[in-house]
file final-v3.cif (mmCIF, C-alpha atoms)
data_data
loop_
_atom_site.label_atom_id
_atom_site.label_comp_id
_atom_site.auth_asym_id
_atom_site.auth_seq_id
_atom_site.Cartn_x
_atom_site.Cartn_y
_atom_site.Cartn_z
CA MET A 1421 84.15 72.90 149.47
CA LEU A 1422 81.02 73.37 147.38
CA SER A 1423 81.53 75.96 144.64
CA VAL A 1424 78.46 77.70 143.25
CA ARG A 1425 78.42 80.20 140.39
CA GLY A 1426 74.89 81.34 139.86
CA VAL A 1427 72.35 84.10 139.49
CA ASN A 1428 68.94 84.85 140.97
CA LEU A 1429 65.82 84.94 138.77
CA GLY A 1430 64.12 87.50 140.96
CA GLY A 1431 60.86 89.27 140.19
CA TRP A 1432 59.47 86.35 138.16
CA LEU A 1433 57.43 83.82 140.13
CA VAL A 1434 57.42 86.08 143.18
CA LEU A 1435 56.97 89.73 142.26
CA GLU A 1436 59.28 92.50 143.47
CA ARG A 1437 58.37 96.02 142.52
CA PHE A 1438 61.93 97.33 142.23
CA ILE A 1439 62.68 94.64 139.64
CA ARG A 1440 59.53 95.12 137.53
CA PRO A 1441 58.16 98.55 138.44
CA SER A 1442 56.18 98.76 135.21
CA LEU A 1443 54.25 95.62 136.16
CA PHE A 1444 52.84 97.54 139.13
CA ALA A 1445 51.99 100.64 137.09
CA LEU A 1446 48.39 99.58 136.65
CA THR A 1447 45.79 101.66 134.90
CA SER A 1448 42.02 101.62 135.06
CA CYS A 1449 42.10 99.60 131.81
CA ASP A 1450 44.39 96.95 133.30
CA ILE A 1451 42.13 96.17 136.21
CA ARG A 1452 39.22 95.70 133.77
CA GLY A 1453 41.21 93.24 131.64
CA ALA A 1454 42.67 95.45 128.88
CA PHE A 1455 46.24 94.70 129.84
CA HIS A 1456 48.89 97.22 128.94
CA SER A 1457 51.98 96.45 126.91
CA THR A 1458 54.00 99.60 127.46
CA HIS A 1459 57.30 98.02 128.42
CA SER A 1460 59.84 95.36 127.61
CA PRO A 1461 60.24 92.76 130.38
CA HIS A 1462 64.03 92.98 129.91
CA ASN A 1463 64.37 96.76 129.86
CA GLU A 1464 62.26 98.70 132.31
CA SER A 1465 63.47 101.99 130.84
CA THR A 1466 62.09 101.19 127.37
CA THR A 1467 59.37 103.62 126.36
CA ILE A 1468 57.07 102.91 123.41
CA GLN A 1469 53.66 104.08 122.30
CA PRO A 1470 51.24 102.64 124.88
CA SER A 1471 49.06 99.80 123.68
CA PHE A 1472 46.83 97.32 125.38
CA ILE A 1473 46.35 93.59 125.13
CA THR A 1474 42.81 92.34 125.48
CA ARG A 1475 41.70 88.75 125.65
CA ASP A 1476 39.50 89.03 122.57
CA GLN A 1477 41.01 91.70 120.37
CA GLY A 1478 44.77 91.33 120.68
CA ILE A 1479 46.78 94.56 120.66
CA VAL A 1480 44.72 97.71 120.27
CA PRO A 1481 45.70 101.39 120.59
CA SER A 1482 45.27 102.86 124.00
CA ASN A 1483 43.15 105.85 124.79
CA ASN A 1484 44.98 107.85 127.42
CA ASP A 1485 41.76 109.63 128.30
CA GLU A 1486 40.16 106.32 129.21
CA CYS A 1487 43.10 104.49 130.79
CA LYS A 1488 44.01 106.37 133.92
CA PRO A 1489 46.89 105.42 136.22
CA ILE A 1490 45.87 104.06 139.59
CA LEU A 1491 47.17 106.71 141.97
CA ASP A 1492 44.86 106.31 144.92
CA LYS A 1493 45.22 104.09 147.99
CA LEU A 1494 44.79 100.95 145.85
CA TYR A 1495 48.08 101.49 144.03
CA PRO A 1496 49.85 98.12 144.45
CA ILE A 1497 53.09 97.81 146.39
CA ASP A 1498 53.45 94.00 146.47
CA GLN A 1499 51.93 90.82 145.03
CA TRP A 1500 49.12 90.87 147.60
CA THR A 1501 47.89 94.35 146.69
CA LEU A 1502 48.54 93.86 142.97
CA ILE A 1503 46.08 90.96 142.90
CA GLU A 1504 43.58 92.83 145.05
CA ALA A 1505 43.66 95.78 142.63
CA PHE A 1506 41.91 93.75 139.90
CA ASP A 1507 38.16 93.51 139.61
CA THR A 1508 38.32 89.68 139.68
CA ARG A 1509 40.88 87.02 140.57
CA GLU A 1510 40.65 85.63 137.04
CA LEU A 1511 41.72 88.96 135.57
CA ALA A 1512 44.65 89.07 137.98
CA ARG A 1513 45.60 85.53 136.96
CA GLU A 1514 45.57 86.46 133.26
CA TYR A 1515 47.74 89.48 133.95
CA LEU A 1516 50.26 87.39 135.88
CA ARG A 1517 50.28 84.63 133.26
CA HIS A 1518 51.54 87.07 130.65
CA HIS A 1519 54.37 88.01 133.00
CA TRP A 1520 55.22 84.38 133.86
CA GLU A 1521 55.22 83.48 130.18
CA HIS A 1522 57.59 86.18 128.96
CA PHE A 1523 59.82 87.42 131.78
CA VAL A 1524 62.32 84.52 131.69
CA THR A 1525 63.16 83.01 128.30
CA TRP A 1526 65.32 80.22 126.92
CA GLU A 1527 67.59 82.89 125.48
CA ASP A 1528 68.13 84.30 128.98
CA LEU A 1529 69.26 80.92 130.24
CA HIS A 1530 71.52 80.42 127.24
CA GLN A 1531 73.21 83.73 128.11
CA ILE A 1532 73.49 82.70 131.75
CA LYS A 1533 75.17 79.43 130.78
CA TYR A 1534 77.44 80.42 127.92
CA ALA A 1535 77.96 84.19 128.08
CA ALA A 1536 78.20 84.48 131.86
CA GLY A 1537 79.61 81.00 132.46
CA LEU A 1538 77.28 80.25 135.37
CA ASP A 1539 75.98 76.86 136.42
CA VAL A 1540 73.11 77.55 138.87
CA VAL A 1541 69.94 79.64 138.79
CA ARG A 1542 68.17 80.45 142.03
CA VAL A 1543 64.40 80.60 141.59
CA PRO A 1544 62.29 82.37 144.23
CA ILE A 1545 58.89 80.72 144.64
CA GLY A 1546 55.81 81.51 146.73
CA HIS A 1547 54.24 79.23 149.31
CA TRP A 1548 51.08 79.37 147.17
CA ILE A 1549 52.75 78.00 144.00
CA LEU A 1550 50.77 74.73 144.04
CA LEU A 1551 47.46 76.35 144.90
CA PRO A 1552 44.72 74.94 142.63
CA ASP A 1553 42.38 77.27 140.76
CA GLY A 1554 39.55 78.47 142.95
CA GLN A 1555 41.29 77.69 146.24
CA ARG A 1556 42.80 80.04 148.81
CA SER A 1557 45.81 79.91 151.09
CA TYR A 1558 45.49 80.97 154.72
CA TYR A 1559 47.42 82.63 157.52
CA THR A 1560 46.82 83.42 161.17
CA ASP A 1561 46.69 87.17 161.80
CA HIS A 1562 49.16 88.21 164.49
CA VAL A 1563 46.90 91.09 165.59
CA ASP A 1564 43.66 89.29 166.37
CA GLY A 1565 44.71 85.62 166.13
CA ARG A 1566 42.05 84.82 163.53
CA THR A 1567 42.62 82.60 160.51
CA LYS A 1568 42.16 84.59 157.31
CA SER A 1569 42.47 83.93 153.60
CA GLU A 1570 45.23 85.33 151.42
CA PRO A 1571 44.55 86.72 147.93
CA PHE A 1572 47.47 84.86 146.30
CA ILE A 1573 46.85 82.99 143.05
CA GLY A 1574 48.58 79.78 142.01
CA GLY A 1575 49.53 78.91 138.46
CA GLU A 1576 53.31 79.37 138.40
CA TRP A 1577 54.23 75.68 138.59
CA PRO A 1578 53.96 74.93 134.83
CA TYR A 1579 56.43 77.74 134.18
CA LEU A 1580 58.84 76.24 136.70
CA GLN A 1581 58.43 72.92 134.89
CA ARG A 1582 59.32 74.62 131.62
CA LEU A 1583 62.36 76.20 133.25
CA VAL A 1584 63.50 72.81 134.51
CA GLN A 1585 63.35 71.40 130.98
CA TRP A 1586 65.35 74.33 129.58
CA CYS A 1587 67.94 73.99 132.35
CA ARG A 1588 68.18 70.26 131.70
CA GLU A 1589 68.96 70.96 128.04
CA LEU A 1590 71.57 73.60 128.98
CA GLN A 1591 73.00 71.60 131.91
CA LEU A 1592 72.11 74.24 134.47
CA GLN A 1593 71.09 73.43 138.04
CA ILE A 1594 68.19 75.05 139.87
CA TYR A 1595 68.05 76.04 143.51
CA VAL A 1596 64.41 76.74 144.38
CA ASP A 1597 64.01 79.22 147.21
CA LEU A 1598 60.88 79.59 149.31
CA HIS A 1599 60.62 83.37 149.34
CA THR A 1600 57.32 83.71 151.17
CA ALA A 1601 55.50 82.35 154.19
CA PRO A 1602 51.99 82.73 155.64
CA GLY A 1603 51.92 85.97 157.60
CA SER A 1604 55.26 87.14 156.09
CA GLN A 1605 58.60 86.25 157.66
CA ASN A 1606 60.11 89.69 157.08
CA GLY A 1607 57.56 92.27 155.93
CA PHE A 1608 59.42 92.83 152.65
CA ASP A 1609 57.54 92.88 149.35
CA ASN A 1610 59.53 89.80 148.31
CA SER A 1611 57.58 87.87 150.96
CA GLY A 1612 54.41 88.53 148.99
CA ARG A 1613 53.10 91.13 151.42
CA ALA A 1614 54.95 94.25 152.51
CA ASN A 1615 54.49 95.58 156.03
CA VAL A 1616 53.96 99.30 155.57
CA THR A 1617 55.27 100.04 159.08
CA GLY A 1618 58.61 98.35 158.45
CA PRO A 1619 60.31 94.95 158.24
CA THR A 1620 59.42 92.41 160.91
CA CYS A 1621 58.97 88.68 161.39
CA ILE A 1622 56.06 89.03 163.80
CA GLY A 1623 53.42 88.19 161.20
CA TRP A 1624 54.95 84.73 160.78
CA CYS A 1625 56.61 83.82 164.05
CA SER A 1626 53.98 85.03 166.50
CA HIS A 1627 51.65 82.14 165.65
CA ASN A 1628 52.86 78.57 165.38
CA GLU A 1629 50.12 77.86 162.84
CA ASN A 1630 51.99 79.96 160.27
CA VAL A 1631 55.25 78.12 160.93
CA GLU A 1632 53.49 74.76 160.59
CA ARG A 1633 51.78 75.86 157.36
CA THR A 1634 55.20 76.76 155.96
CA LEU A 1635 56.57 73.31 156.75
CA VAL A 1636 53.54 71.75 155.05
CA ASN A 1637 54.18 73.92 151.99
CA ILE A 1638 57.82 72.79 151.90
CA ARG A 1639 56.80 69.14 152.00
CA GLN A 1640 54.21 69.65 149.25
CA ILE A 1641 56.69 71.43 146.98
CA ALA A 1642 59.37 68.79 147.55
CA HIS A 1643 56.89 65.99 146.77
CA GLN A 1644 55.80 67.74 143.57
CA ILE A 1645 59.43 68.03 142.49
CA VAL A 1646 59.70 64.25 142.83
CA LEU A 1647 56.37 63.55 141.12
CA ASP A 1648 57.42 65.69 138.15
CA GLY A 1649 60.87 64.12 137.89
CA MET A 1650 62.80 67.32 138.57
CA GLN A 1651 65.44 66.03 141.00
CA ASP A 1652 68.18 65.84 138.37
CA VAL A 1653 67.89 69.60 137.85
CA VAL A 1654 66.53 70.90 141.16
CA THR A 1655 69.57 70.16 143.31
CA GLY A 1656 69.15 72.86 145.96
CA PHE A 1657 66.33 74.05 148.22
CA GLY A 1658 66.25 77.31 150.15
CA VAL A 1659 63.84 76.68 153.00
CA LEU A 1660 62.97 80.34 153.79
CA ASN A 1661 64.32 83.57 152.33
CA GLU A 1662 65.43 86.38 154.63
CA PRO A 1663 63.67 85.67 157.91
CA PHE A 1664 64.02 88.96 159.71
CA ILE A 1665 66.17 89.61 162.77
CA ASP A 1666 63.23 89.51 165.20
CA CYS A 1667 62.21 85.95 164.26
CA GLY A 1668 64.14 84.57 167.22
CA MET A 1669 67.15 82.28 166.92
CA ASP A 1670 65.63 79.34 168.77
CA LEU A 1671 62.54 79.33 166.55
CA ILE A 1672 64.57 79.68 163.34
CA ARG A 1673 67.01 76.94 164.33
CA ARG A 1674 64.15 74.55 165.07
CA PHE A 1675 62.43 75.51 161.84
CA ASN A 1676 65.60 75.03 159.78
CA ASN A 1677 66.23 71.62 161.32
CA ARG A 1678 62.69 70.45 160.61
CA ALA A 1679 62.61 71.97 157.11
CA ALA A 1680 65.95 70.41 156.19
CA GLY A 1681 64.74 67.05 157.48
CA ILE A 1682 61.61 67.26 155.33
CA VAL A 1683 63.52 68.23 152.18
CA ARG A 1684 66.12 65.49 152.62
CA GLU A 1685 63.47 62.92 153.47
CA VAL A 1686 61.70 63.65 150.17
CA LEU A 1687 64.53 64.70 147.81
CA GLY A 1688 67.38 62.64 149.24
CA GLU A 1689 70.52 63.30 151.24
CA ASP A 1690 72.43 64.85 148.34
CA VAL A 1691 70.20 67.90 147.94
CA THR A 1692 71.80 71.18 148.99
CA ILE A 1693 69.97 72.99 151.79
CA ILE A 1694 70.16 76.78 152.02
CA ILE A 1695 69.16 78.80 155.08
CA GLY A 1696 69.05 82.55 155.74
CA ASP A 1697 71.34 84.10 158.36
CA LEU A 1698 68.93 86.68 159.89
CA PHE A 1699 71.32 89.32 158.49
CA ASN A 1700 74.04 88.25 160.92
CA SER A 1701 76.19 85.36 159.75
CA SER A 1702 78.15 85.23 163.02
CA LYS A 1703 75.08 83.82 164.77
CA TRP A 1704 75.52 80.58 162.86
CA ASP A 1705 79.07 79.66 163.85
CA GLY A 1706 79.01 75.97 164.75
CA PHE A 1707 75.52 75.32 163.38
CA TRP A 1708 75.20 72.19 161.20
CA VAL A 1709 78.93 71.50 161.30
CA ASP A 1710 78.10 67.81 161.07
CA GLN A 1711 76.01 68.17 157.90
CA GLY A 1712 77.23 68.38 154.34
CA ASN A 1713 75.62 70.13 151.38
CA THR A 1714 74.43 73.08 153.44
CA LEU A 1715 74.82 76.76 152.60
CA LEU A 1716 74.31 79.94 154.63
CA ASP A 1717 72.64 82.68 152.60
CA SER A 1718 74.00 86.12 153.54
CA HIS A 1719 72.44 89.19 151.94
CA TYR A 1720 74.68 92.21 152.39
CA TYR A 1721 72.36 94.77 150.86
CA HIS A 1722 70.44 95.09 154.14
CA GLY A 1723 73.59 96.02 156.01
CA LYS A 1724 74.74 99.43 157.22
CA CYS A 1725 75.97 100.34 153.73
CA GLU A 1726 72.54 99.97 152.06
CA ARG A 1727 72.17 103.64 151.09
CA PHE A 1728 75.74 103.72 149.84
CA LEU A 1729 75.18 100.63 147.68
CA MET A 1730 72.02 102.04 146.13
CA ALA A 1731 74.00 105.08 144.98
CA LEU A 1732 76.50 102.94 143.06
CA VAL A 1733 76.20 101.80 139.49
CA LEU A 1734 75.73 98.04 139.09
CA SER A 1735 79.37 97.24 138.27
CA HIS A 1736 80.67 99.20 141.29
CA ASN A 1737 77.99 97.69 143.54
CA THR A 1738 79.04 94.18 142.52
CA ALA A 1739 82.74 94.91 142.98
CA PHE A 1740 82.12 96.35 146.46
CA LEU A 1741 80.12 93.31 147.54
CA PHE A 1742 82.77 90.89 146.26
CA GLU A 1743 85.36 92.79 148.28
CA GLN A 1744 83.25 92.61 151.44
CA VAL A 1745 82.53 88.89 150.98
CA SER A 1746 86.24 88.23 150.47
CA LEU A 1747 87.00 89.99 153.74
CA VAL A 1748 84.45 87.81 155.56
CA ILE A 1749 85.75 84.59 154.01
CA ASN A 1750 89.40 85.42 154.65
#
call {"tool": "encode", "arguments": {"input": "final-v3.cif", "output": "structure tokens"}}
result
Amino acid sequence: MLSVRGVNLGGWLVLERFIRPSLFALTSCDIRGAFHSTHSPHNESTTIQPSFITRDQGIVPSNNDECKPILDKLYPIDQWTLIEAFDTRELAREYLRHHWEHFVTWEDLHQIKYAAGLDVVRVPIGHWILLPDGQRSYYTDHVDGRTKSEPFIGGEWPYLQRLVQWCRELQLQIYVDLHTAPGSQNGFDNSGRANVTGPTCIGWCSHNENVERTLVNIRQIAHQIVLDGMQDVVTGFGVLNEPFIDCGMDLIRRFNNRAAGIVREVLGEDVTIIIGDLFNSSKWDGFWVDQGNTLLDSHYYHGKCERFLMALVLSHNTAFLFEQVSLVIN
């Protein structure tokens, strides 16, 4: 049986507001390019005298009378609306680059390897990760059926390359995980675009064009892993994070089969394939019993005990989840 001891590097290459709430606390100065530096990326509760980083002047004192919080309808709730909040895409890219550069460090990985004793890091990535400067990704709108552009900005790949080199030095493995899909496979903010009316798969599954675009993205990412010589470190591939319960089993099974075939065709038969369980692991009894190196990704925090879990401190939350997983396994 495959044994994996790892941790997720969430909120880095795909933004999640609950992980980095301060990153979403934009001010009027931020969206003009005077980026704030009011927090530590490793301690969201840290409070220091606000200051701002500008492209030309470095760190300068803030003027609270000039830098007003964005509290109107433009206040960002996900990566989509965060990018749209900036005056230009280039300003948004600069803001994100600072985050990509500093959120995950070599010291973090050293702690993961030697202090925590883990051997795998799971890295959520967006379907836009290879998007060249000046280009747009697209989706088919489930409401009117029209093809529309997405605001997402590429530029994360060099930081993944750096992570691969660090993990190679520390003998850590990486499981990349496609967290997003055109149209959104779940309506969560970790899909790049939150559905304000609630979680749903309809934005992705209602149009085959979005499913096909996702498979193209998977092939492109797998090919780039090969071109950049990452296969010795990137040993696992999650083909789609948390497709929601209304995706439809037949569609998801077909998608998983095709996605796994693409990844293994490009990265080889030894790569580990990870699929989501639609928040019901029992639906997958007997699926892929003839295939090795496959994992079912079950996320318990969207279960009936979600409110209870959120009320627990981290250590109690972790202990509760371990107990529940043990009950399922046994």
call {"tool": "residues_near_point", "arguments": {"input": "final-v3.cif", "point": "(67.0, 65.8, 154.8)", "cutoff": "12 Å", "atoms": "only C-alpha atoms", "output": "PDB file with C-alpha atoms, keeping the file's coordinate frame"}}
result
ATOM      1  CA  ILE A1638      57.820  72.790 151.900  1.00  0.00           C
ATOM      2  CA  ARG A1639      56.800  69.140 152.000  1.00  0.00           C
ATOM      3  CA  ALA A1642      59.370  68.790 147.550  1.00  0.00           C
ATOM      4  CA  GLY A1656      69.150  72.860 145.960  1.00  0.00           C
ATOM      5  CA  PHE A1657      66.330  74.050 148.220  1.00  0.00           C
ATOM      6  CA  VAL A1659      63.840  76.680 153.000  1.00  0.00           C
ATOM      7  CA  ASN A1676      65.600  75.030 159.780  1.00  0.00           C
ATOM      8  CA  ASN A1677      66.230  71.620 161.320  1.00  0.00           C
ATOM      9  CA  ARG A1678      62.690  70.450 160.610  1.00  0.00           C
ATOM     10  CA  ALA A1679      62.610  71.970 157.110  1.00  0.00           C
ATOM     11  CA  ALA A1680      65.950  70.410 156.190  1.00  0.00           C
ATOM     12  CA  GLY A1681      64.740  67.050 157.480  1.00  0.00           C
ATOM     13  CA  ILE A1682      61.610  67.260 155.330  1.00  0.00           C
ATOM     14  CA  VAL A1683      63.520  68.230 152.180  1.00  0.00           C
ATOM     15  CA  ARG A1684      66.120  65.490 152.620  1.00  0.00           C
ATOM     16  CA  GLU A1685      63.470  62.920 153.470  1.00  0.00           C
ATOM     17  CA  VAL A1686      61.700  63.650 150.170  1.00  0.00           C
ATOM     18  CA  LEU A1687      64.530  64.700 147.810  1.00  0.00           C
ATOM     19  CA  GLY A1688      67.380  62.640 149.240  1.00  0.00           C
ATOM     20  CA  GLU A1689      70.520  63.300 151.240  1.00  0.00           C
ATOM     21  CA  ASP A1690      72.430  64.850 148.340  1.00  0.00           C
ATOM     22  CA  VAL A1691      70.200  67.900 147.940  1.00  0.00           C
ATOM     23  CA  THR A1692      71.800  71.180 148.990  1.00  0.00           C
ATOM     24  CA  ILE A1693      69.970  72.990 151.790  1.00  0.00           C
ATOM     25  CA  ILE A1694      70.160  76.780 152.020  1.00  0.00           C
ATOM     26  CA  GLN A1711      76.010  68.170 157.900  1.00  0.00           C
ATOM     27  CA  GLY A1712      77.230  68.380 154.340  1.00  0.00           C
ATOM     28  CA  ASN A1713      75.620  70.130 151.380  1.00  0.00           C
ATOM     29  CA  THR A1714      74.430  73.080 153.440  1.00  0.00           C
TER      30      THR A1714
END
call {"tool": "residues_around", "arguments": {"input": "final-v3.cif", "residues": "Ser1604 in chain A", "least_positions_apart": "2", "cutoff": "8 Å", "atoms": "only C-alpha atoms", "output": "PDB file with C-alpha atoms, in the coordinates of the input"}}
result
ATOM      1  CA  THR A1600      57.320  83.710 151.170  1.00  0.00           C
ATOM      2  CA  ALA A1601      55.500  82.350 154.190  1.00  0.00           C
ATOM      3  CA  PRO A1602      51.990  82.730 155.640  1.00  0.00           C
ATOM      4  CA  ASN A1606      60.110  89.690 157.080  1.00  0.00           C
ATOM      5  CA  GLY A1607      57.560  92.270 155.930  1.00  0.00           C
ATOM      6  CA  PHE A1608      59.420  92.830 152.650  1.00  0.00           C
ATOM      7  CA  SER A1611      57.580  87.870 150.960  1.00  0.00           C
ATOM      8  CA  GLY A1612      54.410  88.530 148.990  1.00  0.00           C
ATOM      9  CA  ARG A1613      53.100  91.130 151.420  1.00  0.00           C
ATOM     10  CA  ALA A1614      54.950  94.250 152.510  1.00  0.00           C
ATOM     11  CA  CYS A1621      58.970  88.680 161.390  1.00  0.00           C
ATOM     12  CA  ILE A1622      56.060  89.030 163.800  1.00  0.00           C
ATOM     13  CA  GLY A1623      53.420  88.190 161.200  1.00  0.00           C
ATOM     14  CA  TRP A1624      54.950  84.730 160.780  1.00  0.00           C
TER      15      TRP A1624
END
call {"tool": "closest_residue", "arguments": {"input": "final-v3.cif", "among": "A:Val1563, A:Ile1695, A:Cys1587, A:Leu1443", "to": "Ser1718 in chain A", "atoms": "all atoms listed in the file"}}
result
A:Ile1695
call {"tool": "closest_residue", "arguments": {"input": "final-v3.cif", "among": "A:Glu1504, A:Glu1576, A:Asp1553, A:Glu1527", "to": "Leu1433 in chain A", "atoms": "only C-alpha atoms"}}
result
A:Glu1576
call {"tool": "closest_residue", "arguments": {"input": "final-v3.cif", "among": "A:Leu1550, A:Leu1671, A:Thr1567, A:Ser1701", "to": "His1643 in chain A", "atoms": "all atoms listed in the file"}}
result
A:Leu1550
call {"tool": "closest_residue", "arguments": {"input": "final-v3.cif", "among": "A:Thr1617, A:Gln1555, A:Thr1560, A:Gln1593", "to": "Thr1655 in chain A", "atoms": "only C-alpha atoms"}}
result
A:Gln1593
call {"tool": "atom_distance", "arguments": {"input": "final-v3.cif", "atom1": "CA of Gly1696 in chain A", "atom2": "CA of Leu1598 in chain A"}}
result
10.8 Å
call {"tool": "residues_around", "arguments": {"input": "final-v3.cif", "residues": "Thr1620 in chain A", "least_positions_apart": "5", "cutoff": "8 Å", "atoms": "only C-alpha atoms", "output": "list of chain:residue names"}}
result
A:Gln1605, A:Asn1606, A:Gly1607, A:Asn1615, A:Phe1664, A:Ile1665, A:Asp1666, A:Cys1667
call {"tool": "closest_residue", "arguments": {"input": "final-v3.cif", "among": "A:Ile1503, A:Phe1572, A:Asp1652, A:Leu1716", "to": "Ser1702 in chain A", "atoms": "all atoms listed in the file"}}
result
A:Leu1716
call {"tool": "decode", "arguments": {"input": "final-v3.cif", "residues": "range 1616-1649 of chain A", "atoms": "C-alpha atoms", "output": "PDB file, in the first residue's frame"}}
result
ATOM      1  CA  VAL A1616     -21.949  33.799  -4.658  1.00  0.00           C
ATOM      2  CA  THR A1617     -25.165  31.740  -4.713  1.00  0.00           C
ATOM      3  CA  GLY A1618     -23.469  28.611  -3.411  1.00  0.00           C
ATOM      4  CA  PRO A1619     -21.262  25.689  -4.451  1.00  0.00           C
ATOM      5  CA  THR A1620     -22.089  23.990  -7.737  1.00  0.00           C
ATOM      6  CA  CYS A1621     -20.416  22.246 -10.657  1.00  0.00           C
ATOM      7  CA  ILE A1622     -22.791  23.648 -13.259  1.00  0.00           C
ATOM      8  CA  GLY A1623     -20.355  26.297 -14.486  1.00  0.00           C
ATOM      9  CA  TRP A1624     -17.955  23.553 -15.591  1.00  0.00           C
ATOM     10  CA  CYS A1625     -20.022  20.498 -16.409  1.00  0.00           C
ATOM     11  CA  SER A1626     -22.900  22.111 -18.279  1.00  0.00           C
ATOM     12  CA  HIS A1627     -20.729  22.768 -21.342  1.00  0.00           C
ATOM     13  CA  ASN A1628     -18.418  20.151 -22.789  1.00  0.00           C
ATOM     14  CA  GLU A1629     -16.109  22.911 -24.023  1.00  0.00           C
ATOM     15  CA  ASN A1630     -15.050  23.606 -20.429  1.00  0.00           C
ATOM     16  CA  VAL A1631     -14.342  19.929 -19.780  1.00  0.00           C
ATOM     17  CA  GLU A1632     -12.284  19.707 -22.980  1.00  0.00           C
ATOM     18  CA  ARG A1633     -10.362  22.876 -22.100  1.00  0.00           C
ATOM     19  CA  THR A1634      -9.483  21.308 -18.747  1.00  0.00           C
ATOM     20  CA  LEU A1635      -8.092  18.197 -20.428  1.00  0.00           C
ATOM     21  CA  VAL A1636      -6.018  20.411 -22.738  1.00  0.00           C
ATOM     22  CA  ASN A1637      -4.686  22.268 -19.691  1.00  0.00           C
ATOM     23  CA  ILE A1638      -3.727  18.964 -18.043  1.00  0.00           C
ATOM     24  CA  ARG A1639      -1.817  17.858 -21.133  1.00  0.00           C
ATOM     25  CA  GLN A1640      -0.017  21.208 -21.392  1.00  0.00           C
ATOM     26  CA  ILE A1641       1.016  21.148 -17.734  1.00  0.00           C
ATOM     27  CA  ALA A1642       2.215  17.541 -17.945  1.00  0.00           C
ATOM     28  CA  HIS A1643       4.266  18.330 -21.072  1.00  0.00           C
ATOM     29  CA  GLN A1644       5.841  21.354 -19.372  1.00  0.00           C
ATOM     30  CA  ILE A1645       6.815  19.183 -16.410  1.00  0.00           C
ATOM     31  CA  VAL A1646       8.688  16.928 -18.843  1.00  0.00           C
ATOM     32  CA  LEU A1647      10.257  19.802 -20.777  1.00  0.00           C
ATOM     33  CA  ASP A1648      11.571  21.299 -17.535  1.00  0.00           C
ATOM     34  CA  GLY A1649      12.903  17.992 -16.218  1.00  0.00           C
TER      35      GLY A1649
END
